[in-house]
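*Asks:* Provided herewith: run.cif, mmCIF, C-alpha atoms.
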```cif
data_final
loop_
_atom_site.label_atom_id
_atom_site.label_comp_id
_atom_site.auth_asym_id
_atom_site.auth_seq_id
_atom_site.Cartn_x
_atom_site.Cartn_y
_atom_site.Cartn_z
CA MET A 1 7.33 -2.31 3.59
CA SER A 2 6.28 -4.02 6.80
CA VAL A 3 3.92 -1.35 8.06
CA ALA A 4 2.72 -3.04 11.24
CA ALA A 5 6.25 -3.36 12.57
CA THR A 6 7.54 0.05 11.55
CA ILE A 7 4.90 2.74 12.20
CA SER A 8 6.30 5.63 14.22
CA GLN A 9 4.53 8.66 15.69
CA VAL A 10 5.75 12.24 15.93
CA ASP A 11 4.18 15.53 17.00
CA ALA A 12 4.19 17.82 13.96
CA GLY A 13 2.22 21.07 13.91
CA VAL A 14 -1.40 20.42 14.92
CA LEU A 15 -1.03 16.69 14.39
CA ASN A 16 0.53 13.63 15.92
CA VAL A 17 1.55 11.96 12.66
CA GLY A 18 1.81 8.25 12.03
CA TYR A 19 4.47 7.46 9.45
CA VAL A 20 6.76 4.79 8.09
CA GLU A 21 10.42 5.46 7.46
CA ASP A 22 12.82 3.33 5.43
CA GLY A 23 16.37 3.68 4.21
CA PRO A 24 19.47 5.32 5.69
CA GLY A 25 18.84 8.23 8.03
CA ASP A 26 21.52 10.31 6.30
CA GLY A 27 20.29 9.65 2.77
CA PRO A 28 18.58 12.24 0.57
CA ALA A 29 15.00 12.53 1.80
CA VAL A 30 11.91 11.53 -0.16
CA LEU A 31 8.45 12.37 1.19
CA LEU A 32 5.73 10.15 -0.31
CA LEU A 33 2.14 11.40 0.04
CA HIS A 34 -0.95 9.25 -0.49
CA GLY A 35 -4.42 10.27 -1.68
CA TRP A 36 -8.09 9.53 -1.06
CA PRO A 37 -9.34 6.88 -0.57
CA TYR A 38 -5.93 5.26 -0.22
CA ASP A 39 -3.20 5.19 2.41
CA ILE A 40 0.49 4.58 3.01
CA HIS A 41 0.27 1.08 1.51
CA ALA A 42 0.14 2.71 -1.92
CA TYR A 43 3.92 2.92 -1.45
CA ALA A 44 4.45 -0.58 -0.06
CA ASP A 45 6.63 -1.51 -3.05
CA VAL A 46 7.99 1.96 -3.83
CA ALA A 47 9.49 2.66 -0.39
CA PRO A 48 11.85 -0.34 -0.16
CA LEU A 49 13.02 0.15 -3.74
CA LEU A 50 13.98 3.76 -3.01
CA ALA A 51 15.53 2.79 0.33
CA ALA A 52 17.71 0.25 -1.46
CA GLU A 53 19.00 3.09 -3.63
CA GLY A 54 20.09 5.02 -0.54
CA TYR A 55 17.15 7.36 -0.02
CA ARG A 56 15.63 8.22 3.35
CA VAL A 57 11.96 7.51 2.62
CA VAL A 58 9.16 8.93 4.77
CA VAL A 59 5.54 7.90 4.16
CA PRO A 60 2.99 9.60 6.46
CA TYR A 61 -0.68 9.02 7.03
CA LEU A 62 -2.41 12.25 6.03
CA ARG A 63 -4.72 13.99 8.50
CA GLY A 64 -7.80 11.82 8.92
CA TYR A 65 -6.08 8.54 8.06
CA GLY A 66 -4.52 5.66 9.95
CA THR A 67 -2.77 6.50 13.20
CA THR A 68 -2.49 10.24 12.55
CA ARG A 69 -4.44 12.23 15.13
CA PHE A 70 -5.11 15.87 15.94
CA GLN A 71 -3.41 16.95 19.14
CA SER A 72 -6.39 19.07 20.20
CA ASP A 73 -10.11 18.46 20.05
CA GLU A 74 -10.47 22.19 19.33
CA THR A 75 -8.59 22.14 16.01
CA PRO A 76 -10.97 22.39 13.03
CA ARG A 77 -11.17 19.16 11.03
CA ASN A 78 -10.08 20.94 7.90
CA GLY A 79 -9.27 19.28 4.58
CA GLN A 80 -8.34 22.32 2.48
CA GLN A 81 -5.26 22.12 0.26
CA SER A 82 -3.11 24.62 2.16
CA ALA A 83 -3.66 22.81 5.47
CA LEU A 84 -2.26 19.60 4.04
CA GLY A 85 0.70 21.51 2.66
CA VAL A 86 1.39 23.00 6.08
CA ASP A 87 1.16 19.48 7.53
CA ALA A 88 3.90 18.29 5.17
CA ILE A 89 6.24 21.13 6.12
CA ALA A 90 5.54 20.57 9.83
CA LEU A 91 6.40 16.89 9.46
CA MET A 92 9.67 17.75 7.70
CA ASP A 93 10.50 20.13 10.53
CA ALA A 94 9.69 17.51 13.16
CA LEU A 95 11.95 14.97 11.45
CA ASP A 96 14.79 17.49 10.89
CA ILE A 97 14.43 17.25 7.12
CA ASP A 98 15.58 20.49 5.50
CA ARG A 99 14.78 19.52 1.92
CA ALA A 100 13.12 16.53 0.27
CA ILE A 101 11.95 15.21 -3.03
CA VAL A 102 8.18 15.40 -2.59
CA ALA A 103 6.06 12.94 -4.54
CA GLY A 104 2.42 11.94 -4.54
CA PHE A 105 -0.84 11.07 -6.28
CA ASP A 106 -4.40 12.31 -5.86
CA TRP A 107 -4.56 14.44 -2.66
CA GLY A 108 -0.89 13.64 -2.21
CA ALA A 109 -0.02 15.06 -5.63
CA ARG A 110 -1.91 18.25 -4.86
CA THR A 111 -0.12 18.53 -1.53
CA ALA A 112 3.23 17.93 -3.21
CA ASP A 113 2.39 20.65 -5.75
CA VAL A 114 1.51 23.03 -2.90
CA VAL A 115 4.82 22.37 -1.14
CA ALA A 116 6.78 22.87 -4.36
CA ALA A 117 4.93 26.09 -5.20
CA LEU A 118 4.90 27.75 -1.77
CA TRP A 119 8.10 26.40 -0.21
CA PRO A 120 10.48 25.67 -3.12
CA GLN A 121 13.45 26.04 -0.76
CA ARG A 122 12.20 22.90 1.05
CA CYS A 123 11.49 20.89 -2.11
CA THR A 124 14.48 19.35 -3.90
CA ALA A 125 12.26 18.13 -6.72
CA LEU A 126 8.69 17.03 -7.43
CA VAL A 127 6.95 13.94 -8.80
CA SER A 128 3.23 14.52 -9.30
CA VAL A 129 0.70 12.06 -10.72
CA SER A 130 -1.82 13.95 -12.88
CA GLY A 131 0.33 17.04 -12.88
CA TYR A 132 -0.63 20.45 -11.55
CA LEU A 133 -3.58 20.04 -9.20
CA ILE A 134 -3.51 23.30 -7.24
CA GLY A 135 -6.98 24.84 -7.29
CA SER A 136 -9.14 27.49 -5.68
CA GLN A 137 -12.69 27.92 -4.44
CA GLU A 138 -13.34 30.37 -7.27
CA ALA A 139 -12.32 27.79 -9.87
CA GLY A 140 -14.38 25.16 -8.05
CA ARG A 141 -17.54 27.21 -8.48
CA VAL A 142 -17.28 27.21 -12.29
CA PRO A 143 -19.72 24.72 -13.91
CA LEU A 144 -18.18 22.01 -16.08
CA PRO A 145 -19.65 20.26 -19.12
CA PRO A 146 -22.07 17.48 -18.08
CA GLU A 147 -19.69 14.61 -18.85
CA ALA A 148 -17.04 16.17 -16.63
CA GLU A 149 -19.54 16.90 -13.87
CA HIS A 150 -20.63 13.27 -13.98
CA GLN A 151 -17.08 12.15 -13.14
CA TRP A 152 -17.22 14.23 -9.95
CA TRP A 153 -20.45 12.65 -8.68
CA TYR A 154 -18.99 11.89 -5.24
CA GLN A 155 -18.06 15.54 -4.72
CA TYR A 156 -21.71 16.53 -5.05
CA TYR A 157 -22.81 13.60 -2.89
CA PHE A 158 -20.51 14.83 -0.13
CA ALA A 159 -22.09 18.29 -0.45
CA THR A 160 -25.25 16.88 1.15
CA GLU A 161 -25.88 15.68 4.68
CA ARG A 162 -27.15 12.44 3.14
CA GLY A 163 -23.70 12.10 1.59
CA ARG A 164 -21.94 12.68 4.88
CA ALA A 165 -24.14 10.08 6.58
CA GLY A 166 -23.73 7.65 3.70
CA TYR A 167 -19.95 7.91 3.73
CA GLU A 168 -19.90 7.49 7.51
CA LYS A 169 -21.95 4.30 7.22
CA TYR A 170 -20.42 2.85 4.07
CA ARG A 171 -16.90 4.25 3.96
CA ARG A 172 -15.27 0.94 2.95
CA GLU A 173 -17.88 0.14 0.32
CA PHE A 174 -17.58 3.69 -0.99
CA ALA A 175 -13.80 3.44 -1.21
CA GLU A 176 -13.98 0.16 -3.09
CA VAL A 177 -16.25 1.76 -5.70
CA ILE A 178 -13.69 4.53 -6.17
CA TRP A 179 -10.81 2.06 -6.41
CA ARG A 180 -12.59 0.08 -9.13
CA THR A 181 -13.73 3.07 -11.18
CA ALA A 182 -10.46 4.99 -10.84
CA SER A 183 -8.35 1.95 -11.77
CA PRO A 184 -10.62 -0.18 -13.96
CA ARG A 185 -7.83 -2.53 -15.09
CA TRP A 186 -6.16 -3.03 -11.71
CA SER A 187 -6.95 -6.49 -10.34
CA PHE A 188 -6.41 -5.87 -6.63
CA ASP A 189 -7.50 -8.57 -4.19
CA ASP A 190 -9.53 -8.28 -0.99
CA ALA A 191 -6.45 -8.41 1.22
CA THR A 192 -4.87 -5.48 -0.61
CA PHE A 193 -8.00 -3.39 -0.26
CA ASP A 194 -8.62 -4.34 3.38
CA ARG A 195 -5.06 -3.42 4.32
CA SER A 196 -5.67 0.17 3.20
CA ALA A 197 -9.32 0.41 4.18
CA ALA A 198 -8.42 -0.02 7.85
CA SER A 199 -6.95 3.50 7.74
CA PHE A 200 -10.42 4.95 7.04
CA ASP A 201 -11.50 3.97 10.57
CA ASN A 202 -9.67 7.07 11.80
CA PRO A 203 -12.17 9.09 13.91
CA ASP A 204 -11.56 12.26 11.86
CA HIS A 205 -11.65 10.61 8.43
CA VAL A 206 -15.19 11.44 7.39
CA ALA A 207 -14.97 15.03 8.61
CA ILE A 208 -11.72 15.65 6.72
CA VAL A 209 -12.96 14.09 3.48
CA VAL A 210 -16.29 15.89 3.53
CA HIS A 211 -14.68 19.23 4.34
CA ASN A 212 -12.12 18.79 1.56
CA TYR A 213 -14.76 18.40 -1.13
CA ARG A 214 -17.18 20.96 0.29
CA TRP A 215 -14.36 23.51 0.57
CA ARG A 216 -13.47 23.01 -3.08
CA LEU A 217 -17.01 23.95 -4.10
CA GLY A 218 -17.13 26.94 -1.78
CA LEU A 219 -19.70 25.22 0.43
CA ALA A 220 -17.48 25.17 3.52
CA ASP A 221 -15.22 27.85 4.93
CA GLY A 222 -11.50 27.42 5.29
CA ASP A 223 -9.47 28.18 8.38
CA PRO A 224 -8.61 31.92 8.39
CA GLN A 225 -5.03 31.16 9.35
CA TYR A 226 -4.54 29.72 5.85
CA ASP A 227 -6.15 32.62 3.97
CA ASP A 228 -2.84 34.13 2.84
CA LEU A 229 -1.62 30.77 1.55
CA GLU A 230 -4.88 30.16 -0.30
CA GLU A 231 -4.67 33.59 -1.90
CA ARG A 232 -1.23 32.71 -3.24
CA LEU A 233 -2.44 29.33 -4.46
CA ALA A 234 -5.48 30.84 -6.16
CA ALA A 235 -3.11 32.83 -8.36
CA GLY A 236 -1.83 29.57 -9.86
CA PRO A 237 1.84 29.92 -8.92
CA LEU A 238 4.47 28.40 -11.18
CA ILE A 239 6.45 25.43 -9.94
CA THR A 240 10.12 26.18 -10.37
CA VAL A 241 11.77 23.06 -8.93
CA PRO A 242 12.72 20.10 -11.15
CA ALA A 243 9.56 18.11 -11.82
CA ILE A 244 8.27 14.98 -13.51
CA THR A 245 4.54 14.46 -13.94
CA LEU A 246 3.03 11.03 -14.50
CA GLU A 247 -0.25 9.69 -15.83
CA GLY A 248 -1.54 6.16 -16.16
CA ASP A 249 -2.98 5.17 -19.52
CA ALA A 250 -6.12 3.80 -17.82
CA ASN A 251 -6.83 6.43 -15.17
CA GLY A 252 -10.58 6.37 -14.61
CA ALA A 253 -10.62 9.29 -12.17
CA PRO A 254 -11.10 12.91 -13.25
CA HIS A 255 -7.74 14.33 -14.34
CA PRO A 256 -6.45 17.11 -16.59
CA GLU A 257 -4.66 16.52 -19.87
CA PRO A 258 -0.88 17.03 -19.61
CA SER A 259 -1.01 19.80 -22.20
CA ALA A 260 -3.30 21.78 -19.87
CA TYR A 261 -0.67 22.15 -17.15
CA ALA A 262 2.74 21.85 -18.84
CA GLU A 263 3.31 25.61 -18.74
CA LYS A 264 2.88 25.60 -14.95
CA PHE A 265 6.32 24.04 -14.62
CA SER A 266 9.04 26.59 -15.30
CA GLY A 267 12.03 24.53 -14.15
CA PRO A 268 13.42 21.30 -15.63
CA TYR A 269 10.30 19.33 -16.52
CA SER A 270 9.05 16.26 -18.33
CA HIS A 271 5.86 14.23 -18.51
CA ARG A 272 5.52 10.46 -18.73
CA THR A 273 2.48 8.40 -19.62
CA ILE A 274 2.76 4.97 -18.00
CA GLU A 275 1.24 2.25 -20.16
CA GLY A 276 -0.08 -1.20 -19.40
CA GLY A 277 -3.55 -0.50 -18.02
CA ILE A 278 -2.28 1.73 -15.19
CA GLY A 279 -4.98 3.59 -13.30
CA HIS A 280 -5.23 6.31 -10.69
CA ASN A 281 -3.21 4.67 -7.91
CA LEU A 282 -0.05 4.78 -9.99
CA PRO A 283 2.61 4.08 -7.33
CA GLN A 284 0.86 0.90 -6.23
CA GLU A 285 0.00 -0.22 -9.75
CA ALA A 286 3.34 0.68 -11.37
CA PRO A 287 5.88 1.01 -8.54
CA GLN A 288 8.99 0.76 -10.68
CA ALA A 289 7.82 3.57 -12.97
CA PHE A 290 7.21 5.74 -9.91
CA VAL A 291 10.63 4.90 -8.46
CA ASP A 292 12.28 5.68 -11.80
CA ALA A 293 10.62 9.10 -11.83
CA VAL A 294 11.84 9.91 -8.31
CA MET A 295 15.38 8.89 -9.15
CA ASP A 296 15.42 10.65 -12.52
CA VAL A 297 14.06 13.94 -11.13
CA ASP A 298 16.71 14.00 -8.39
CA PRO A 299 19.10 16.80 -9.41
CA HIS A 300 21.91 15.08 -7.50
#
```
Could I get this structure in the form of structure tokens?
*Replies:*
Amino acid sequence: MSVAATISQVDAGVLNVGYVEDGPGDGPAVLLLHGWPYDIHAYADVAPLLAAEGYRVVVPYLRGYGTTRFQSDETPRNGQQSALGVDAIALMDALDIDRAIVAGFDWGARTADVVAALWPQRCTALVSVSGYLIGSQEAGRVPLPPEAEHQWWYQYYFATERGRAGYEKYRREFAEVIWRTASPRWSFDDATFDRSAASFDNPDHVAIVVHNYRWRLGLADGDPQYDDLEERLAAGPLITVPAITLEGDANGAPHPEPSAYAEKFSGPYSHRTIEGGIGHNLPQEAPQAFVDAVMDVDPH
């Protein structure tokens, strides 16, 4: 995926979205969503493989990343889960995509889950790394055992103004720590990291990231326009579309066990553990396994 030569921009909802598209324009659509602290390059190998199979592949920068920008200075820099789900639907509308296979990891997996749960008529099928990640502020307020809390250290760091200032000053160094701890057996080189880290220079990046984690803990308010969506998400809605969940055998980031979320998928469903030292950034570390999941979940 030659990103520099192929980035497009489109107005979609409150955003002007930067995205890469590959494959035939009339092919079945696949929307690939990245996480934090990653970017569209997580799909650099996945996108051309799917395009070669005839899929129309769309890979957007999420709000706060890369060339995606808010259209108005007045729009709250909001990172809550429903807002990112609305962004995905708005992008599909802007690109005249009625339905798509929606796939992602980390924030992207949560957003894909949100789309599948709230707008199943727009979601042909789902591929989600680490499974069912829809949450709520109420759940986020519940204390976890100390070992689990330790894994979320950065969430509590972001809860402080020192954390906001530290991330603003050291965003690349911070991201590299997360990459290494979340994927302890992935031997990425400096060029691979730098290629993605450039997307964190987005002027809204720090605000979006900090709000996302503060909102989860109930330390920041959401946008009232999303209250109804968040109420539906807080109920833990079932995902009815065909779904495959994935997990790497060496994921060093906090993640639930597959048995904890299997019952959240009421349609055709399977789980796959990808072996070989695969960490959190599964599509970049194991692109063929990710491609296989997208193709296998496709009901067509």
*Asks:* Restrict the calculation to only C-alpha atoms, then for each residue of stretch 169-252 of chain A with any atom at most 8 Å from an atom of stretch 137-142 of chain A give the closest atom pair and their distance in Å to one decimal, rows by chain and rising residue number, as a Markdown table.
*Replies:*
```
| residue | atom | partner | partner_atom | distance |
| --- | --- | --- | --- | --- |
| A:Trp215 | CA | A:Gln137 | CA | 6.9 |
| A:Arg216 | CA | A:Gln137 | CA | 5.2 |
| A:Leu217 | CA | A:Gly140 | CA | 4.9 |
| A:Gly218 | CA | A:Gln137 | CA | 5.3 |
| A:Ala234 | CA | A:Glu138 | CA | 8.0 |
```
*Asks:* Give one line per residue of stretch 148-267 of chain A that approaches stretch 101-124 of chain A to at most 7 Å, naming the two atoms of the closest pair and their distance in Å to one decimal, counting only C-alpha atoms; sort by chain then ascending residue number and deliver it as a tab-separated table.
*Replies:*
```
residue	atom	partner	partner_atom	distance
A:Pro237	CA	A:Ala117	CA	6.2
A:Leu238	CA	A:Ala117	CA	6.4
A:Ile239	CA	A:Ala117	CA	5.0
A:Val241	CA	A:Pro120	CA	6.5
```
*Asks:* Using the chain letters and residue numbers of this document, give as number ranges by chain the residues selected by the PyMOL selection byres ((chain A and resi 92) around 12).
*Replies:* A: 10-13, 17, 19, 29-32, 57-60, 85-91, 93-102, 115, 119, 122-123
*Asks:* Please enumerate the residues selected by the PyMOL selection byres ((chain A and resi 194-207) around 10) when evaluated against the supplied file, formatted as a ChimeraX atom specification.
*Replies:* /A:3,36-42,61-70,76-79,158,164-165,167-169,171-173,175-176,189-193,208-212
*Asks:* Provide the atom CA of A:Phe188 to atom CA of A:Val294 distance in Å, to one decimal place.
*Replies:*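 Spanning atom CA of A:Phe188 to atom CA of A:Val294 is a straight-line distance of 24.2 Å.
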*Asks:* Nearest to A:Pro242: which of A:Asn16, A:Ser270, A:Gln71, A:Gln151 is it, counting all atoms listed in the file?
*Replies:*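 Distance minimum relative to A:Pro242 lands on A:Ser270.
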*Asks:* For A:Gly222, which residue among A:Ala159, A:Asp22, A:Ser82, A:Pro287 is the nearest when counting all atoms listed in the file?
*Replies:* A:Ser82
